[in-house]
Amino acid sequence: MIDSKLYIDNNKTVTYGIFENPDKFLDTVGKVHAKGVHIIDCYTPYPLHGIDKAMGLKRSLLPIGAFIFGCCGFLTAFSLQYYMMTYDWPMVIGNKPTIGMSWVPVLFEMSILFTAFGLAFIFFFRSKLLHGKMPSERFDFRQTDDRMVVAIATDDRSIDKTELSSMLFNGGAVIVKERTNHDYDDFTDVEINRPVQYN
Amino acid sequence: MIHDSIIRPNLVIGDKTLHDVTTEICRPIENKPSMEWKIGFTLSAIFLGILGLTLTVTMMVGIGTWGLNKTVQWGWDITNFVFWVGIGHAGTLISAILLLFRQKWRMSINRSAEAMTIFAVMCAAIFPLFHQGRLWVGMYWVLPLPNAFGSLWVNFHSPLLWDVFAITTYFSVSLVFWYLGLIPDIATVRDRATTAGRKFWYNFWSMGWTGSVRTWNRYEVVALVLAGISTPLVLSVHTVVSMDFATSVVPGWHTTIFPPYFVAGAIFSGFGMVLTLLVIARKTMNYQDFITIGHLEAMCKVVMLTGSMVGLAYITEFFVAAYSGYEYEQYAFVNRATGPYWWAYWSMMTCNLIAPQVFWFKWARTTPWFIFMLSVVVNVGMWFERFVIIVTSLHREYLPSGWVMYSPTIVEIGIFLGTFGLFFTCFFLFAKFLPVINMFEVKSILKNRE
């Protein structure tokens with residue numbers, strides 16, 4: 001289900017460009033994607049609107065999972081109340097029916113509770129977030145501050161790396177580097193020089 | 001692709017870059033605490049100590065240390081409970097309902113308002129829990145636990161039990177929402193960390209966040225769904241709190257107007273407390289560029305609107321009592337306004353209905369010191385509202401032989417003051433260790449694009 005191509009560790013060589021202007025970044029990512037080059041991921045300090053379209057990302061299916069968790073919450077609350085109030089020890093309180101409108105608040109609250117926790121859990125699972133995990137895909141310490149990074153898989157030999165890096169530079173990249181992965185969290189970075197401009 | 005209106009003024013002033021936002025918001029975390037912080041924290045910790053002391057006395061001696069009696073069985077405890085739960089309503093309202101309404105001004109205040117929600121609900125929970133007397137036995141009355149009392153389960157017909165479910169759900173869902181919003185900002189602090197301790201702890205809580213667009217893409221969907229489910233949740237919580245009263249047969253409580261009236265009151269008091277805190281915080285932490293006069297003005301408008309709604313509810317209650325032809329109900333309201341607790345009633349009317357009307361004037365909405373004074377008035381007024389509803393309805397019910405007066409003991413006063421200690425201690429710790437303003441959301445509304 002999880003596309004293994006998407007993760008940095010699985011790619012031997014990665015070319016990445018660091019940007020400081022969000023608009024230029026957005027345009028360049030769109031151009032690189034349109035060229036058919038495989039973008040592994042982009043890293044931005046805030047949710048940059050429109051980048052999902054530029055990268056060709058689909059809308060997340062997490063709400064379906066949330067709905068299933070909500071249904072589980074509803075069923076749990078229903079069976080809890082049914083078992084306690086009707087089956088195990090039926091009690092008539094204030095002459096109210098044992099199954100009735102007074103069940104609604106707990107049904108509602110439990111559905112919300114399960115939805116929220118379930119959604120958070122599947123979000124963490126799907127995004128591989130875990131307490132204490134070291135951020136392995138950190139290209140620049142300022143990618144959570146003010147810089148945007150685009151990481152492109154360049155394992156494929158048909159990709160012209162010179163053309164790619166000049167495309168990134170022309171699009172407004174301040175730094176372009178090539179990373180070679182040896183093992184998990186073991187890599188070498190080589191900075192690519194800005195192409196010389198002839199007038 | 002991105003359209004920014006040219007007519008609307010910037011929500012964040014000072015022509016900031018992305019890096020400026022990070023530096024300015026991280027400043028309190030990365031530097032030694034200021035003198036104001038130290039004084040405030042010490043004072044709050046002293047009051048927290050008072051809370052510990054008075055709760056210990058309550059546990060050691062019993063509920064007899066409180067001023068409750070056979071007629072007034074709910075006094076300051078439930079008044080304070082409803083007061084704090086009400087304050088806890090602004091946070092989720094700001095982050096959930098204003099997110100659905102696409103109100104971007106929420107972005108620099110939602111983090112602190114959500115923190116307030118969590119701390120206020122913690123304060124609120126103390127009162128009903130300790131009112132049970134023997135807390136360790138009380139678990140069986142509030143949670144559906146297997147027990148040795150002949151399988152005596154909790155009563156799902158009771159609004160008091162609904163309240164347990166509503167408030168625990170509200171607390172935990174608000175906590176999840178707050179923490180999810182914090183993860184990207186904790187990661188920012190982590191990547192700037194210079195000390196080993198900060199590197200370790202912020203790394204631990206940031207869960208390996210890298211700012212990946214694939215994660216952001218999911219994150220936005222998660223935030224939207226959480227906002228969608230939190231909106232009915234925030235409205236349901238005070239509705240259920242109002243049912244604690246409305247489903248009884250006590251004159252003055254047995255009213256169908258209670259749910260909307262309580263929800264409006266909760267939003268009113270919540271915004272009152274947000275204003276009290278933020279007017280001080282923006283000044284002492286130097287956040288005037290992020291929490292601008294425009295933000296304060298918008299909140300003042302909400303206070304004025306909800307204050308008027310609450311005022312309308314007060315008058316409607318009177319009308320309904322008069323129109324009902326039910327003399328107990330009529331007496332309950334005449335007694336509120338002219339009986340021995342008249343001062344509480346008129347304090348409530350003055351603070352909640354009359355005082356916020358000054359916000360019709362632009363000067364009042366844009367002058368921070370005046371907003372601060374008025375927000376304190378709103379807090380006092382909303383406390384009196386709960387006192388009026390609870391104590392004046394109970395102290396003179398159907399049987400005149402049961403009529404008594406109620407006054408709190410020193411222990412009750414200590415617990416109430418102590419909850420302020422708990423609330424402010426938590427808030428000061430939050431202001432020191434976590435970014436008070438949502439950095440990534442503020443970055444997304446900067447207008448420094450080319």
# chains A, B, ... in the order shown; residues from 1 in each chain; ligands from 1

call {"tool": "residues_around", "arguments": {"residues": "region 371-384 of chain B", "least_positions_apart": "6", "cutoff": "10 Å", "atoms": "only C-alpha atoms", "output": "PyMOL selection string"}}
result
chain B and resi 76+79-84+86-87+265-266+268-280+296-297+299-300+303+307+310+343-353+355-356+358-359+363-365+390

call {"tool": "interface_residues", "arguments": {"of": "chain A", "to": "chain B", "cutoff": "7 Å", "atoms": "only C-alpha atoms", "output": "PDB file with C-alpha atoms, in the first residue's frame"}}
result
ATOM      1  CA  ASP A  23       6.367  31.275  -5.442  1.00  0.00           C
ATOM      2  CA  ASP A  41       9.111  14.667  -1.862  1.00  0.00           C
ATOM      3  CA  CYS A  42       9.192  18.367  -1.054  1.00  0.00           C
ATOM      4  CA  TYR A  43       9.798  19.879   2.365  1.00  0.00           C
ATOM      5  CA  THR A  44       8.251  23.183   3.390  1.00  0.00           C
ATOM      6  CA  PRO A  45       8.051  25.054   6.691  1.00  0.00           C
ATOM      7  CA  TYR A  46       4.298  25.552   6.305  1.00  0.00           C
ATOM      8  CA  PRO A  47       1.523  24.024   4.173  1.00  0.00           C
ATOM      9  CA  GLY A  50      -1.066  24.479  -4.571  1.00  0.00           C
ATOM     10  CA  ASP A  52       0.020  19.146  -3.960  1.00  0.00           C
ATOM     11  CA  SER A  60      -5.685  11.811   1.260  1.00  0.00           C
ATOM     12  CA  PRO A  63     -11.304  10.616   6.239  1.00  0.00           C
ATOM     13  CA  MET A  84     -25.352  -2.451  31.152  1.00  0.00           C
ATOM     14  CA  TRP A  89     -28.928  -5.549  35.139  1.00  0.00           C
ATOM     15  CA  SER A 102     -31.206   9.364  26.770  1.00  0.00           C
ATOM     16  CA  TRP A 103     -28.591   7.191  25.045  1.00  0.00           C
ATOM     17  CA  PRO A 105     -25.350  11.992  24.238  1.00  0.00           C
ATOM     18  CA  VAL A 106     -23.059   9.065  25.045  1.00  0.00           C
ATOM     19  CA  GLU A 109     -19.506  11.646  22.422  1.00  0.00           C
ATOM     20  CA  ILE A 112     -16.360  11.746  18.291  1.00  0.00           C
ATOM     21  CA  LEU A 113     -13.769  10.353  20.703  1.00  0.00           C
ATOM     22  CA  ALA A 116     -10.406  11.860  16.754  1.00  0.00           C
ATOM     23  CA  SER A 127       3.155   9.503   7.820  1.00  0.00           C
ATOM     24  CA  LEU A 129       5.661   9.685  12.738  1.00  0.00           C
ATOM     25  CA  LEU A 130       6.741   8.284  16.069  1.00  0.00           C
ATOM     26  CA  HIS A 131       7.803   9.827  19.356  1.00  0.00           C
ATOM     27  CA  GLY A 132      11.565  10.130  19.569  1.00  0.00           C
ATOM     28  CA  LYS A 133      12.165   9.295  15.898  1.00  0.00           C
ATOM     29  CA  MET A 134      15.139  11.081  14.354  1.00  0.00           C
ATOM     30  CA  PRO A 135      14.160  13.094  11.272  1.00  0.00           C
ATOM     31  CA  GLU A 137      14.926  13.329   5.677  1.00  0.00           C
ATOM     32  CA  ARG A 138      16.422  16.575   6.881  1.00  0.00           C
ATOM     33  CA  PHE A 141      18.144  22.639   9.101  1.00  0.00           C
ATOM     34  CA  THR A 144      11.261  23.852   9.101  1.00  0.00           C
ATOM     35  CA  ASP A 145      12.082  27.537   9.366  1.00  0.00           C
ATOM     36  CA  ASP A 146      12.111  29.484   6.089  1.00  0.00           C
TER      37      ASP A 146
END

call {"tool": "atom_distance", "arguments": {"atom1": "CA of Ile152 (chain A)", "atom2": "CA of Val196 (chain A)"}}
result
22.5 Å

call {"tool": "select_by_dssp", "arguments": {"residues": "chain A", "states": "helix (DSSP H, G or I)", "output": "MDAnalysis selection string"}}
result
chainID A and resid 4:6 8:10 22:34 51:55 62:88 101:126 141:144 161:171

call {"tool": "closest_residue", "arguments": {"among": "B:Val388, B:Ile29, B:Val436, B:Val12", "to": "Met116 (chain B)", "atoms": "only C-alpha atoms"}}
result
B:Val436

call {"tool": "closest_residue", "arguments": {"among": "B:Lys38, B:Arg106, B:Arg111, B:Lys16", "to": "Asn438 (chain B)", "atoms": "only C-alpha atoms"}}
result
B:Arg111

call {"tool": "residues_around", "arguments": {"residues": "Thr86 (chain A)", "least_positions_apart": "5", "cutoff": "10 Å", "atoms": "only C-alpha atoms", "output": "PyMOL selection string"}}
result
chain A and resi 79-81+91-92+97-99

call {"tool": "write_last_selection", "arguments": {"atoms": "N, CA and C atoms", "output": "compact mmCIF listing (two decimals), in the first residue's frame"}}
result
# COMPACT_ATOMS: atom_id res chain seq x y z
N SER A 79 -23.22 -0.88 22.38
CA SER A 79 -23.16 -2.19 23.06
C SER A 79 -22.92 -2.01 24.56
N LEU A 80 -22.13 -0.98 24.92
CA LEU A 80 -21.88 -0.70 26.33
C LEU A 80 -23.19 -0.40 27.06
N GLN A 81 -23.97 0.49 26.47
CA GLN A 81 -25.21 0.90 27.13
C GLN A 81 -26.24 -0.23 27.10
N MET A 91 -32.54 -1.77 34.67
CA MET A 91 -33.02 -0.87 35.72
C MET A 91 -34.00 0.11 35.11
N VAL A 92 -35.12 0.28 35.76
CA VAL A 92 -36.07 1.31 35.31
C VAL A 92 -35.85 2.52 36.21
N PRO A 97 -37.86 4.43 29.27
CA PRO A 97 -37.56 3.18 28.56
C PRO A 97 -36.06 2.88 28.64
N THR A 98 -35.72 1.59 28.69
CA THR A 98 -34.30 1.25 28.84
C THR A 98 -33.50 1.60 27.59
N ILE A 99 -34.14 1.54 26.40
CA ILE A 99 -33.48 2.04 25.20
C ILE A 99 -34.23 3.29 24.79

call {"tool": "atom_distance", "arguments": {"atom1": "CA of Asn10 (chain B)", "atom2": "CA of Tyr287 (chain B)"}}
result
15.1 Å

call {"tool": "atom_distance", "arguments": {"atom1": "CA of Gly172 (chain A)", "atom2": "CA of Thr28 (chain A)"}}
result
7.9 Å

call {"tool": "decode", "arguments": {"residues": "region 176-320 of chain B", "atoms": "C-alpha atoms", "output": "CSV table (one decimal), in the first residue's frame"}}
result
chain,number,residue,atom,x,y,z
B,176,VAL,CA,-5.1,15.8,20.4
B,177,PHE,CA,-6.1,18.8,18.2
B,178,TRP,CA,-3.6,21.0,20.2
B,179,TYR,CA,-0.8,18.6,20.0
B,180,LEU,CA,-1.2,17.9,16.3
B,181,GLY,CA,-0.9,21.6,15.7
B,182,LEU,CA,2.2,21.8,17.8
B,183,ILE,CA,4.2,19.1,16.1
B,184,PRO,CA,5.4,21.2,13.1
B,185,ASP,CA,6.4,24.0,15.5
B,186,ILE,CA,8.1,21.7,17.9
B,187,ALA,CA,10.1,20.5,14.9
B,188,THR,CA,11.1,24.1,14.1
B,189,VAL,CA,12.4,24.6,17.7
B,190,ARG,CA,14.2,21.2,17.4
B,191,ASP,CA,16.0,22.3,14.3
B,192,ARG,CA,17.2,25.5,15.9
B,193,ALA,CA,18.1,23.9,19.3
B,194,THR,CA,21.6,24.6,20.6
B,195,THR,CA,21.5,22.7,23.9
B,196,ALA,CA,21.5,19.0,24.4
B,197,GLY,CA,18.3,19.0,26.6
B,198,ARG,CA,16.4,21.0,24.0
B,199,LYS,CA,17.6,18.8,21.2
B,200,PHE,CA,16.5,15.7,23.0
B,201,TRP,CA,13.1,16.8,24.2
B,202,TYR,CA,12.0,18.7,21.2
B,203,ASN,CA,13.2,15.8,19.0
B,204,PHE,CA,11.1,13.4,21.2
B,205,TRP,CA,7.9,15.4,20.9
B,206,SER,CA,8.3,16.4,17.2
B,207,MET,CA,7.9,12.7,16.2
B,208,GLY,CA,10.5,13.0,13.4
B,209,TRP,CA,8.6,15.8,11.6
B,210,THR,CA,10.4,17.0,8.4
B,211,GLY,CA,7.8,19.2,6.8
B,212,SER,CA,7.3,16.7,4.0
B,213,VAL,CA,4.6,17.9,1.6
B,214,ARG,CA,3.0,14.4,1.6
B,215,THR,CA,2.6,14.7,5.4
B,216,TRP,CA,1.4,18.3,5.1
B,217,ASN,CA,-1.2,17.1,2.6
B,218,ARG,CA,-2.5,14.6,5.0
B,219,TYR,CA,-2.2,17.0,7.9
B,220,GLU,CA,-4.5,19.5,6.3
B,221,VAL,CA,-7.1,16.9,5.8
B,222,VAL,CA,-6.8,15.7,9.4
B,223,ALA,CA,-7.1,19.3,10.7
B,224,LEU,CA,-10.2,19.8,8.6
B,225,VAL,CA,-11.9,16.6,9.8
B,226,LEU,CA,-10.9,17.3,13.4
B,227,ALA,CA,-12.4,20.8,13.1
B,228,GLY,CA,-15.5,19.3,11.6
B,229,ILE,CA,-16.1,16.9,14.5
B,230,SER,CA,-15.0,19.4,17.1
B,231,THR,CA,-17.6,21.9,16.1
B,232,PRO,CA,-20.6,19.9,17.2
B,233,LEU,CA,-18.5,18.7,20.1
B,234,VAL,CA,-17.8,22.2,21.5
B,235,LEU,CA,-21.5,23.0,21.2
B,236,SER,CA,-22.5,19.7,22.8
B,237,VAL,CA,-20.4,20.1,25.9
B,238,HIS,CA,-22.1,23.1,27.3
B,239,THR,CA,-25.4,21.8,26.1
B,240,VAL,CA,-24.9,18.7,28.3
B,241,VAL,CA,-23.6,20.9,31.2
B,242,SER,CA,-26.9,22.9,30.9
B,243,MET,CA,-28.9,19.7,31.0
B,244,ASP,CA,-27.5,19.0,34.5
B,245,PHE,CA,-29.8,21.8,35.5
B,246,ALA,CA,-32.5,21.8,32.8
B,247,THR,CA,-33.6,18.1,33.3
B,248,SER,CA,-34.3,18.7,37.0
B,249,VAL,CA,-37.6,20.0,38.5
B,250,VAL,CA,-36.0,22.9,40.4
B,251,PRO,CA,-37.8,26.2,39.6
B,252,GLY,CA,-35.3,28.5,37.8
B,253,TRP,CA,-33.5,25.4,36.3
B,254,HIS,CA,-36.3,23.6,34.5
B,255,THR,CA,-36.1,25.7,31.3
B,256,THR,CA,-35.8,24.6,27.7
B,257,ILE,CA,-33.8,27.8,26.9
B,258,PHE,CA,-30.8,26.5,28.8
B,259,PRO,CA,-28.7,24.8,26.1
B,260,PRO,CA,-28.4,27.7,23.7
B,261,TYR,CA,-28.2,30.2,26.6
B,262,PHE,CA,-25.3,28.2,28.2
B,263,VAL,CA,-23.4,27.8,24.9
B,264,ALA,CA,-23.6,31.6,24.2
B,265,GLY,CA,-22.5,32.3,27.8
B,266,ALA,CA,-19.6,29.8,27.5
B,267,ILE,CA,-18.3,31.5,24.3
B,268,PHE,CA,-18.8,34.9,26.0
B,269,SER,CA,-16.8,34.0,29.1
B,270,GLY,CA,-14.2,32.1,27.0
B,271,PHE,CA,-13.5,35.1,24.8
B,272,GLY,CA,-13.4,37.2,28.0
B,273,MET,CA,-10.6,35.1,29.4
B,274,VAL,CA,-8.7,34.9,26.1
B,275,LEU,CA,-8.8,38.7,26.0
B,276,THR,CA,-7.6,39.0,29.6
B,277,LEU,CA,-4.6,36.8,28.9
B,278,LEU,CA,-3.7,38.0,25.4
B,279,VAL,CA,-3.8,41.7,26.2
B,280,ILE,CA,-1.1,41.0,28.8
B,281,ALA,CA,0.8,38.3,26.8
B,282,ARG,CA,1.2,40.4,23.7
B,283,LYS,CA,2.6,43.3,25.7
B,284,THR,CA,5.0,41.3,28.0
B,285,MET,CA,6.1,38.9,25.3
B,286,ASN,CA,6.4,41.6,22.7
B,287,TYR,CA,3.9,40.0,20.2
B,288,GLN,CA,2.1,43.2,19.2
B,289,ASP,CA,2.9,42.5,15.5
B,290,PHE,CA,1.3,39.1,15.6
B,291,ILE,CA,-1.7,39.8,18.0
B,292,THR,CA,-2.6,43.2,16.6
B,293,ILE,CA,-5.3,45.6,17.6
B,294,GLY,CA,-7.3,44.1,14.7
B,295,HIS,CA,-7.3,40.8,16.5
B,296,LEU,CA,-8.4,42.3,19.8
B,297,GLU,CA,-11.2,44.2,17.9
B,298,ALA,CA,-12.5,41.1,16.3
B,299,MET,CA,-12.6,39.3,19.7
B,300,CYS,CA,-14.4,42.3,21.2
B,301,LYS,CA,-17.1,42.0,18.6
B,302,VAL,CA,-17.6,38.4,19.5
B,303,VAL,CA,-17.8,39.4,23.2
B,304,MET,CA,-20.4,42.0,22.4
B,305,LEU,CA,-22.5,39.7,20.3
B,306,THR,CA,-22.5,36.8,22.8
B,307,GLY,CA,-23.0,39.2,25.7
B,308,SER,CA,-26.1,40.5,24.0
B,309,MET,CA,-27.3,36.9,23.4
B,310,VAL,CA,-26.8,36.1,27.0
B,311,GLY,CA,-28.7,39.2,28.0
B,312,LEU,CA,-31.5,38.3,25.7
B,313,ALA,CA,-31.7,34.9,27.4
B,314,TYR,CA,-31.9,36.5,30.9
B,315,ILE,CA,-34.8,38.6,29.8
B,316,THR,CA,-36.5,35.7,28.0
B,317,GLU,CA,-36.3,33.6,31.2
B,318,PHE,CA,-38.2,36.3,33.0
B,319,PHE,CA,-40.8,36.5,30.3
B,320,VAL,CA,-41.2,32.7,30.2
